[in-house]
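Containing PDB, C-alpha atoms, pLDDT in the B column: upload-v1.pdb.
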```pdb
MODEL        1
ATOM      1  CA  MET A   1      -4.726   4.853 -28.819  1.00 88.00           C
ATOM      2  CA  LYS A   2      -6.171   2.083 -26.685  1.00 90.00           C
ATOM      3  CA  LYS A   3      -3.457  -0.287 -25.516  1.00 93.00           C
ATOM      4  CA  LYS A   4      -3.565  -3.794 -24.103  1.00 93.00           C
ATOM      5  CA  ILE A   5      -3.276  -3.996 -20.328  1.00 95.00           C
ATOM      6  CA  ARG A   6      -0.070  -5.757 -19.338  1.00 96.00           C
ATOM      7  CA  LEU A   7      -0.699  -8.649 -16.949  1.00 96.00           C
ATOM      8  CA  LEU A   8       1.217 -10.117 -14.053  1.00 96.00           C
ATOM      9  CA  GLY A   9       4.169 -11.987 -15.539  1.00 95.00           C
ATOM     10  CA  ASP A  10       4.961  -9.240 -18.038  1.00 96.00           C
ATOM     11  CA  GLU A  11       8.435  -8.015 -17.078  1.00 96.00           C
ATOM     12  CA  VAL A  12       7.569  -4.370 -17.868  1.00 97.00           C
ATOM     13  CA  LEU A  13       5.440  -4.326 -14.699  1.00 98.00           C
ATOM     14  CA  ARG A  14       8.562  -4.979 -12.610  1.00 97.00           C
ATOM     15  CA  LYS A  15      10.710  -2.264 -14.177  1.00 98.00           C
ATOM     16  CA  ILE A  16      11.259   1.221 -12.786  1.00 98.00           C
ATOM     17  CA  ALA A  17       9.801   3.871 -15.075  1.00 98.00           C
ATOM     18  CA  GLU A  18      11.945   6.795 -16.195  1.00 98.00           C
ATOM     19  CA  PRO A  19      11.102  10.512 -15.921  1.00 98.00           C
ATOM     20  CA  VAL A  20       9.740  12.069 -19.089  1.00 98.00           C
ATOM     21  CA  SER A  21       9.697  15.639 -20.363  1.00 97.00           C
ATOM     22  CA  PRO A  22       6.047  16.728 -19.995  1.00 97.00           C
ATOM     23  CA  GLU A  23       6.091  18.878 -23.140  1.00 95.00           C
ATOM     24  CA  SER A  24       7.478  16.068 -25.315  1.00 97.00           C
ATOM     25  CA  ASP A  25       5.546  14.165 -27.959  1.00 97.00           C
ATOM     26  CA  VAL A  26       6.334  11.013 -25.965  1.00 97.00           C
ATOM     27  CA  ALA A  27       4.545  12.360 -22.868  1.00 97.00           C
ATOM     28  CA  LYS A  28       1.561  13.465 -24.943  1.00 97.00           C
ATOM     29  CA  LYS A  29       1.330  10.010 -26.536  1.00 97.00           C
ATOM     30  CA  VAL A  30       1.614   8.233 -23.171  1.00 97.00           C
ATOM     31  CA  VAL A  31      -1.103  10.431 -21.644  1.00 97.00           C
ATOM     32  CA  GLN A  32      -3.432   9.939 -24.635  1.00 96.00           C
ATOM     33  CA  ASP A  33      -2.856   6.167 -24.576  1.00 97.00           C
ATOM     34  CA  LEU A  34      -3.628   6.120 -20.842  1.00 96.00           C
ATOM     35  CA  ILE A  35      -6.827   8.143 -21.300  1.00 94.00           C
ATOM     36  CA  ASP A  36      -8.026   6.017 -24.234  1.00 93.00           C
ATOM     37  CA  THR A  37      -7.239   2.746 -22.449  1.00 94.00           C
ATOM     38  CA  LEU A  38      -8.807   3.840 -19.156  1.00 89.00           C
ATOM     39  CA  LYS A  39     -11.974   4.973 -20.927  1.00 84.00           C
ATOM     40  CA  VAL A  40     -12.427   1.606 -22.660  1.00 81.00           C
ATOM     41  CA  ASN A  41     -11.804  -0.320 -19.434  1.00 72.00           C
ATOM     42  CA  GLU A  42     -14.093   1.988 -17.416  1.00 72.00           C
ATOM     43  CA  GLU A  43     -11.692   1.990 -14.503  1.00 79.00           C
ATOM     44  CA  PHE A  44     -10.519   4.531 -11.978  1.00 86.00           C
ATOM     45  CA  ALA A  45      -6.759   4.870 -12.509  1.00 95.00           C
ATOM     46  CA  LEU A  46      -3.945   3.595 -14.699  1.00 97.00           C
ATOM     47  CA  ALA A  47      -0.140   3.809 -14.799  1.00 98.00           C
ATOM     48  CA  ALA A  48       2.004   4.006 -17.936  1.00 98.00           C
ATOM     49  CA  THR A  49       3.801   0.731 -17.178  1.00 98.00           C
ATOM     50  CA  GLN A  50       0.461  -1.097 -17.269  1.00 97.00           C
ATOM     51  CA  ILE A  51       0.221  -0.345 -20.980  1.00 97.00           C
ATOM     52  CA  GLY A  52       3.902  -0.914 -21.744  1.00 97.00           C
ATOM     53  CA  HIS A  53       5.306   2.629 -21.462  1.00 97.00           C
ATOM     54  CA  LEU A  54       8.287   2.944 -19.115  1.00 98.00           C
ATOM     55  CA  HIS A  55       7.642   6.582 -18.272  1.00 98.00           C
ATOM     56  CA  ARG A  56       6.687   8.128 -14.905  1.00 98.00           C
ATOM     57  CA  VAL A  57       3.075   8.955 -15.732  1.00 98.00           C
ATOM     58  CA  PHE A  58      -0.264   7.914 -14.279  1.00 98.00           C
ATOM     59  CA  ILE A  59      -3.812   9.177 -14.467  1.00 97.00           C
ATOM     60  CA  ILE A  60      -6.746   9.150 -12.081  1.00 94.00           C
ATOM     61  CA  ASN A  61     -10.333   9.611 -13.203  1.00 89.00           C
ATOM     62  CA  PRO A  62     -11.985  11.786 -10.516  1.00 79.00           C
ATOM     63  CA  ILE A  63     -15.104   9.660 -10.132  1.00 70.00           C
ATOM     64  CA  TRP A  64     -16.175  11.775  -7.161  1.00 66.00           C
ATOM     65  CA  ILE A  65     -17.270  14.480  -9.652  1.00 64.00           C
ATOM     66  CA  GLU A  66     -20.819  13.395 -10.378  1.00 68.00           C
ATOM     67  CA  ASP A  67     -21.273  15.276 -13.655  1.00 73.00           C
ATOM     68  CA  GLU A  68     -19.356  13.121 -16.152  1.00 71.00           C
ATOM     69  CA  LYS A  69     -19.173  16.024 -18.627  1.00 73.00           C
ATOM     70  CA  LYS A  70     -17.120  18.000 -16.084  1.00 71.00           C
ATOM     71  CA  ARG A  71     -14.951  15.013 -15.143  1.00 74.00           C
ATOM     72  CA  LYS A  72     -11.494  15.032 -16.751  1.00 85.00           C
ATOM     73  CA  PRO A  73      -8.700  12.603 -15.963  1.00 89.00           C
ATOM     74  CA  MET A  74      -6.079  13.997 -13.602  1.00 94.00           C
ATOM     75  CA  ILE A  75      -2.616  13.667 -15.145  1.00 97.00           C
ATOM     76  CA  PHE A  76       0.452  13.047 -12.989  1.00 98.00           C
ATOM     77  CA  ILE A  77       3.816  13.287 -14.766  1.00 98.00           C
ATOM     78  CA  ASN A  78       7.008  12.612 -12.784  1.00 98.00           C
ATOM     79  CA  PRO A  79       5.079  12.426  -9.474  1.00 98.00           C
ATOM     80  CA  GLU A  80       6.825  12.875  -6.136  1.00 98.00           C
ATOM     81  CA  PHE A  81       5.167  12.238  -2.792  1.00 98.00           C
ATOM     82  CA  LEU A  82       5.719  14.939  -0.189  1.00 98.00           C
ATOM     83  CA  GLU A  83       3.687  13.727   2.801  1.00 98.00           C
ATOM     84  CA  PHE A  84       1.893  10.642   4.080  1.00 98.00           C
ATOM     85  CA  GLU A  85      -0.545  10.715   6.980  1.00 98.00           C
ATOM     86  CA  GLY A  86      -2.648   8.144   8.795  1.00 98.00           C
ATOM     87  CA  GLU A  87      -3.519   4.645   7.695  1.00 98.00           C
ATOM     88  CA  GLN A  88      -6.195   2.833   5.737  1.00 97.00           C
ATOM     89  CA  TYR A  89      -6.511  -0.890   5.189  1.00 96.00           C
ATOM     90  CA  GLU A  90      -8.877  -1.578   2.294  1.00 95.00           C
ATOM     91  CA  LEU A  91      -9.445  -3.960  -0.599  1.00 95.00           C
ATOM     92  CA  GLU A  92      -7.476  -3.252  -3.743  1.00 95.00           C
ATOM     93  CA  GLY A  93      -7.588  -4.711  -7.191  1.00 95.00           C
ATOM     94  CA  CYS A  94      -5.649  -4.056 -10.360  1.00 96.00           C
ATOM     95  CA  LEU A  95      -6.276  -4.348 -14.089  1.00 94.00           C
ATOM     96  CA  SER A  96      -2.896  -6.083 -14.360  1.00 96.00           C
ATOM     97  CA  ILE A  97      -3.963  -8.764 -11.863  1.00 96.00           C
ATOM     98  CA  PRO A  98      -7.592  -9.411 -12.824  1.00 94.00           C
ATOM     99  CA  GLU A  99     -10.102 -10.865 -10.390  1.00 92.00           C
ATOM    100  CA  ILE A 100      -7.753 -10.657  -7.382  1.00 95.00           C
ATOM    101  CA  PHE A 101      -8.739  -8.352  -4.525  1.00 96.00           C
ATOM    102  CA  GLU A 102      -6.798  -8.120  -1.283  1.00 96.00           C
ATOM    103  CA  LYS A 103      -6.596  -5.744   1.663  1.00 96.00           C
ATOM    104  CA  VAL A 104      -3.564  -3.466   1.514  1.00 97.00           C
ATOM    105  CA  LYS A 105      -2.307  -0.963   4.068  1.00 97.00           C
ATOM    106  CA  ARG A 106      -1.779   2.538   2.648  1.00 98.00           C
ATOM    107  CA  ALA A 107      -1.535   6.066   3.991  1.00 98.00           C
ATOM    108  CA  TYR A 108      -4.974   7.612   4.466  1.00 98.00           C
ATOM    109  CA  LYS A 109      -3.900  11.072   3.319  1.00 98.00           C
ATOM    110  CA  VAL A 110      -1.187  12.091   0.881  1.00 98.00           C
ATOM    111  CA  LYS A 111       0.366  15.183  -0.555  1.00 98.00           C
ATOM    112  CA  LEU A 112       2.256  14.937  -3.822  1.00 98.00           C
ATOM    113  CA  LYS A 113       3.529  17.071  -6.612  1.00 98.00           C
ATOM    114  CA  ALA A 114       3.553  16.242 -10.314  1.00 98.00           C
ATOM    115  CA  GLN A 115       3.886  17.998 -13.613  1.00 98.00           C
ATOM    116  CA  ASP A 116       1.082  18.562 -16.099  1.00 96.00           C
ATOM    117  CA  LEU A 117       1.496  18.426 -19.887  1.00 95.00           C
ATOM    118  CA  SER A 118       2.731  22.027 -19.948  1.00 96.00           C
ATOM    119  CA  GLY A 119       5.517  21.164 -17.500  1.00 97.00           C
ATOM    120  CA  THR A 120       3.970  23.098 -14.616  1.00 97.00           C
ATOM    121  CA  TRP A 121       4.465  21.506 -11.194  1.00 98.00           C
ATOM    122  CA  ARG A 122       1.200  21.191  -9.288  1.00 97.00           C
ATOM    123  CA  THR A 123       0.601  20.058  -5.727  1.00 98.00           C
ATOM    124  CA  TYR A 124      -2.234  17.688  -4.854  1.00 97.00           C
ATOM    125  CA  SER A 125      -3.579  16.647  -1.475  1.00 96.00           C
ATOM    126  CA  GLY A 126      -6.180  13.999  -0.981  1.00 95.00           C
ATOM    127  CA  LYS A 127      -7.445  11.291   1.290  1.00 96.00           C
ATOM    128  CA  GLY A 128      -9.246   7.982   1.128  1.00 95.00           C
ATOM    129  CA  LEU A 129      -9.781   6.658  -2.394  1.00 93.00           C
ATOM    130  CA  PHE A 130      -7.665   9.355  -4.072  1.00 95.00           C
ATOM    131  CA  ALA A 131      -4.739   8.693  -1.707  1.00 96.00           C
ATOM    132  CA  ARG A 132      -5.025   4.939  -2.227  1.00 96.00           C
ATOM    133  CA  ALA A 133      -5.131   5.265  -6.020  1.00 96.00           C
ATOM    134  CA  ALA A 134      -2.190   7.684  -6.175  1.00 98.00           C
ATOM    135  CA  GLN A 135      -0.051   5.360  -4.050  1.00 98.00           C
ATOM    136  CA  HIS A 136      -1.117   2.273  -6.015  1.00 98.00           C
ATOM    137  CA  GLU A 137      -0.365   3.869  -9.408  1.00 98.00           C
ATOM    138  CA  ASN A 138       2.928   5.358  -8.240  1.00 98.00           C
ATOM    139  CA  ASP A 139       3.954   1.904  -7.006  1.00 98.00           C
ATOM    140  CA  HIS A 140       3.483   0.679 -10.588  1.00 98.00           C
ATOM    141  CA  LEU A 141       6.040   3.272 -11.709  1.00 98.00           C
ATOM    142  CA  ASP A 142       8.495   1.727  -9.234  1.00 98.00           C
ATOM    143  CA  GLY A 143       7.839  -1.857 -10.374  1.00 98.00           C
ATOM    144  CA  ILE A 144       5.767  -2.669  -7.284  1.00 98.00           C
ATOM    145  CA  LEU A 145       2.412  -4.473  -7.461  1.00 98.00           C
ATOM    146  CA  PHE A 146      -0.230  -4.457  -4.747  1.00 97.00           C
ATOM    147  CA  ILE A 147       0.307  -8.187  -4.153  1.00 96.00           C
ATOM    148  CA  ASP A 148       3.829  -7.304  -2.975  1.00 96.00           C
ATOM    149  CA  LYS A 149       2.200  -5.526  -0.025  1.00 96.00           C
ATOM    150  CA  ILE A 150       0.088  -8.431   1.228  1.00 95.00           C
ATOM    151  CA  SER A 151       1.269 -11.001   3.723  1.00 93.00           C
ATOM    152  CA  PRO A 152       3.356 -13.975   2.555  1.00 93.00           C
ATOM    153  CA  PHE A 153       0.566 -16.218   3.833  1.00 94.00           C
ATOM    154  CA  ARG A 154      -2.047 -14.504   1.607  1.00 93.00           C
ATOM    155  CA  ARG A 155       0.345 -14.612  -1.375  1.00 91.00           C
ATOM    156  CA  LYS A 156       0.852 -18.323  -0.816  1.00 93.00           C
ATOM    157  CA  LEU A 157      -2.922 -18.859  -0.770  1.00 94.00           C
ATOM    158  CA  LEU A 158      -3.186 -16.961  -4.072  1.00 94.00           C
ATOM    159  CA  HIS A 159      -0.220 -18.717  -5.680  1.00 92.00           C
ATOM    160  CA  GLY A 160      -2.310 -20.843  -8.066  1.00 93.00           C
ATOM    161  CA  LYS A 161      -4.410 -17.918  -9.269  1.00 93.00           C
ATOM    162  CA  LEU A 162      -1.367 -15.669  -9.667  1.00 93.00           C
ATOM    163  CA  LYS A 163       0.491 -18.384 -11.576  1.00 92.00           C
ATOM    164  CA  LYS A 164      -2.501 -18.799 -13.893  1.00 92.00           C
ATOM    165  CA  ILE A 165      -2.564 -15.036 -14.636  1.00 91.00           C
ATOM    166  CA  SER A 166       1.210 -15.056 -15.252  1.00 89.00           C
ATOM    167  CA  SER A 167       0.831 -17.964 -17.667  1.00 83.00           C
ATOM    168  CA  THR A 168      -1.353 -15.802 -19.933  1.00 76.00           C
ATOM    169  CA  THR A 169       1.584 -13.479 -20.626  1.00 67.00           C
ATOM    170  CA  LYS A 170       4.311 -14.382 -23.102  1.00 59.00           C
ATOM    171  CA  ASP A 171       7.054 -12.111 -24.428  1.00 48.00           C
ATOM    172  CA  GLY A 172       5.356  -9.001 -23.040  1.00 46.00           C
ATOM    173  CA  VAL A 173       2.025  -9.735 -24.693  1.00 48.00           C
ATOM    174  CA  ASN A 174      -1.216 -10.957 -23.166  1.00 49.00           C
ATOM    175  CA  VAL A 175      -2.040 -14.221 -24.893  1.00 44.00           C
ATOM    176  CA  GLY A 176      -5.184 -15.022 -22.929  1.00 42.00           C
TER     177      GLY A 176
ENDMDL
END
```

This structure in structure tokens:
Amino acid sequence: MKKKIRLLGDEVLRKIAEPVSPESDVAKKVVQDLIDTLKVNEEFALAATQIGHLHRVFIINPIWIEDEKKRKPMIFINPEFLEFEGEQYELEGCLSIPEIFEKVKRAYKVKLKAQDLSGTWRTYSGKGLFARAAQHENDHLDGILFIDKISPFRRKLLHGKLKKISSTTKDGVNVG
């Protein structure tokens, strides 16, 4: 089911998500909610905390596969990073912090493992956009937002905009 995107100011975004049993009905529901919500928002990736689920799950839509009929969201349950390599410093944005884009330093290449819905551990390696998205979404599962990774000076410059976004959230619900 499509869920509302939680915005900056919603305390769920600052909580650490808990592991979930991949074969459970809870995991299946979280994954389906993520897929449905991502599809409606036509975005690239989404973490469970962004839709109010405190479970260690995120998905990435492999937009690099040109044939949309062959493109299926990649599901990462209980992800664990194994390796980081290199550096990239690129613009990032986030559905939970709309209309804010800032440069963030991330590893250029990553290797991680995660479970699929059958509970099987799979290993993934990727670079560039995939690596950036995996790190960004995993940060959400740890209660970290991309604005936490920008300089204090840049955060201060954005203070008014960030405060305005936060003011649209009350009691865990977007009111804007």

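Coordinates place CA of Val104 (chain A) at a distance of 6.3 Å from CA of Leu91 (chain A).
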
Quick check, in Å to one decimal: how far apart do CA of Ile75 (chain A) and CA of Ile35 (chain A) lie? 9.3 Å

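Candidate residues A:Leu82, A:Ala48, A:Leu34, A:Met74 were compared for distance to Lys15 (chain A), and the nearest is A:Ala48, using all atoms listed in the file.
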
The PyMOL selection byres ((chain A and resi 149) around 10) resolved against shown file, as a ChimeraX atom specification: /A:102-106,144-148,150-152,155

Residues selected by the PyMOL selection byres ((chain A and resi 56) around 12), written as JSON, numbers by chain: {"A": [15, 16, 17, 18, 19, 20, 21, 22, 26, 27, 30, 31, 46, 47, 48, 49, 50, 52, 53, 54, 55, 57, 58, 59, 75, 76, 77, 78, 79, 80, 114, 115, 116, 137, 138, 139, 140, 141, 142, 143]}

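Take CA of Pro62 (chain A) and CA of Ile97 (chain A): the distance between them is 22.1 Å.
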
Counting only C-alpha atoms, what is within 7 Å of Ser96 (chain A), bar same-chain residues fewer than 5 positions away, as a ChimeraX atom specification? /A:5-8,50

Build an axis-aligned box that encloses every atom of region 49-68 of chain A listed in the file, pad it by 3 Å on each side, and report its centre and edge lengths in Å to one decimal, as AutoDock Vina command-line options.
```
--center_x -6.5 --center_y 7.1 --center_z -14.5 --size_x 35.6 --size_y 22.4 --size_z 20.6
```

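Neighbours of Lys113 (chain A) closer than or equal to 7 Å, with all atoms listed in the file counted and sequence neighbours fewer than 4 positions away skipped, come out as Pro79, Glu80, Phe81, Trp121, Arg122, Thr123 and Tyr124 of chain A.
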
Using only C-alpha atoms, which residues sit within 9 Å of Ile100 (chain A) once same-chain residues fewer than 3 positions away are excluded, as a tab-separated table (two decimals) with C-alpha atoms, in the coordinates of the input?
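The resulting file, part14.tsv, is reproduced below:
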```
chain	number	residue	atom	x	y	z
A	92	GLU	CA	-7.48	-3.25	-3.74
A	93	GLY	CA	-7.59	-4.71	-7.19
A	94	CYS	CA	-5.65	-4.06	-10.36
A	97	ILE	CA	-3.96	-8.76	-11.86
A	158	LEU	CA	-3.19	-16.96	-4.07
A	161	LYS	CA	-4.41	-17.92	-9.27
A	162	LEU	CA	-1.37	-15.67	-9.67
```

Residue contacts of Glu43 (chain A) (9 Å, all atoms listed in the file) excluding same-chain residues fewer than 4 positions away, as an mmCIF file with C-alpha atoms, in the coordinates of the input:
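See around35.cif below for the written result:
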```
data_model
loop_
_atom_site.group_PDB
_atom_site.id
_atom_site.type_symbol
_atom_site.label_atom_id
_atom_site.label_comp_id
_atom_site.auth_asym_id
_atom_site.auth_seq_id
_atom_site.Cartn_x
_atom_site.Cartn_y
_atom_site.Cartn_z
ATOM 1 C CA LEU A 38 -8.807 3.840 -19.156
ATOM 2 C CA LYS A 39 -11.974 4.973 -20.927
ATOM 3 C CA ASN A 61 -10.333 9.611 -13.203
ATOM 4 C CA LEU A 95 -6.276 -4.348 -14.089
#
```

Calculated over all atoms listed in the file, which of the candidates A:Gln88, A:Asp67, A:Pro98, A:Ala131 has the smallest distance to Lys164 (chain A)? A:Pro98

Starting from the displayed file, determine the output of the PyMOL selection byres ((chain A and resi 9) around 8) and express the residue list as a ChimeraX atom specification. /A:7-8,10-11,13,165-167,169-170
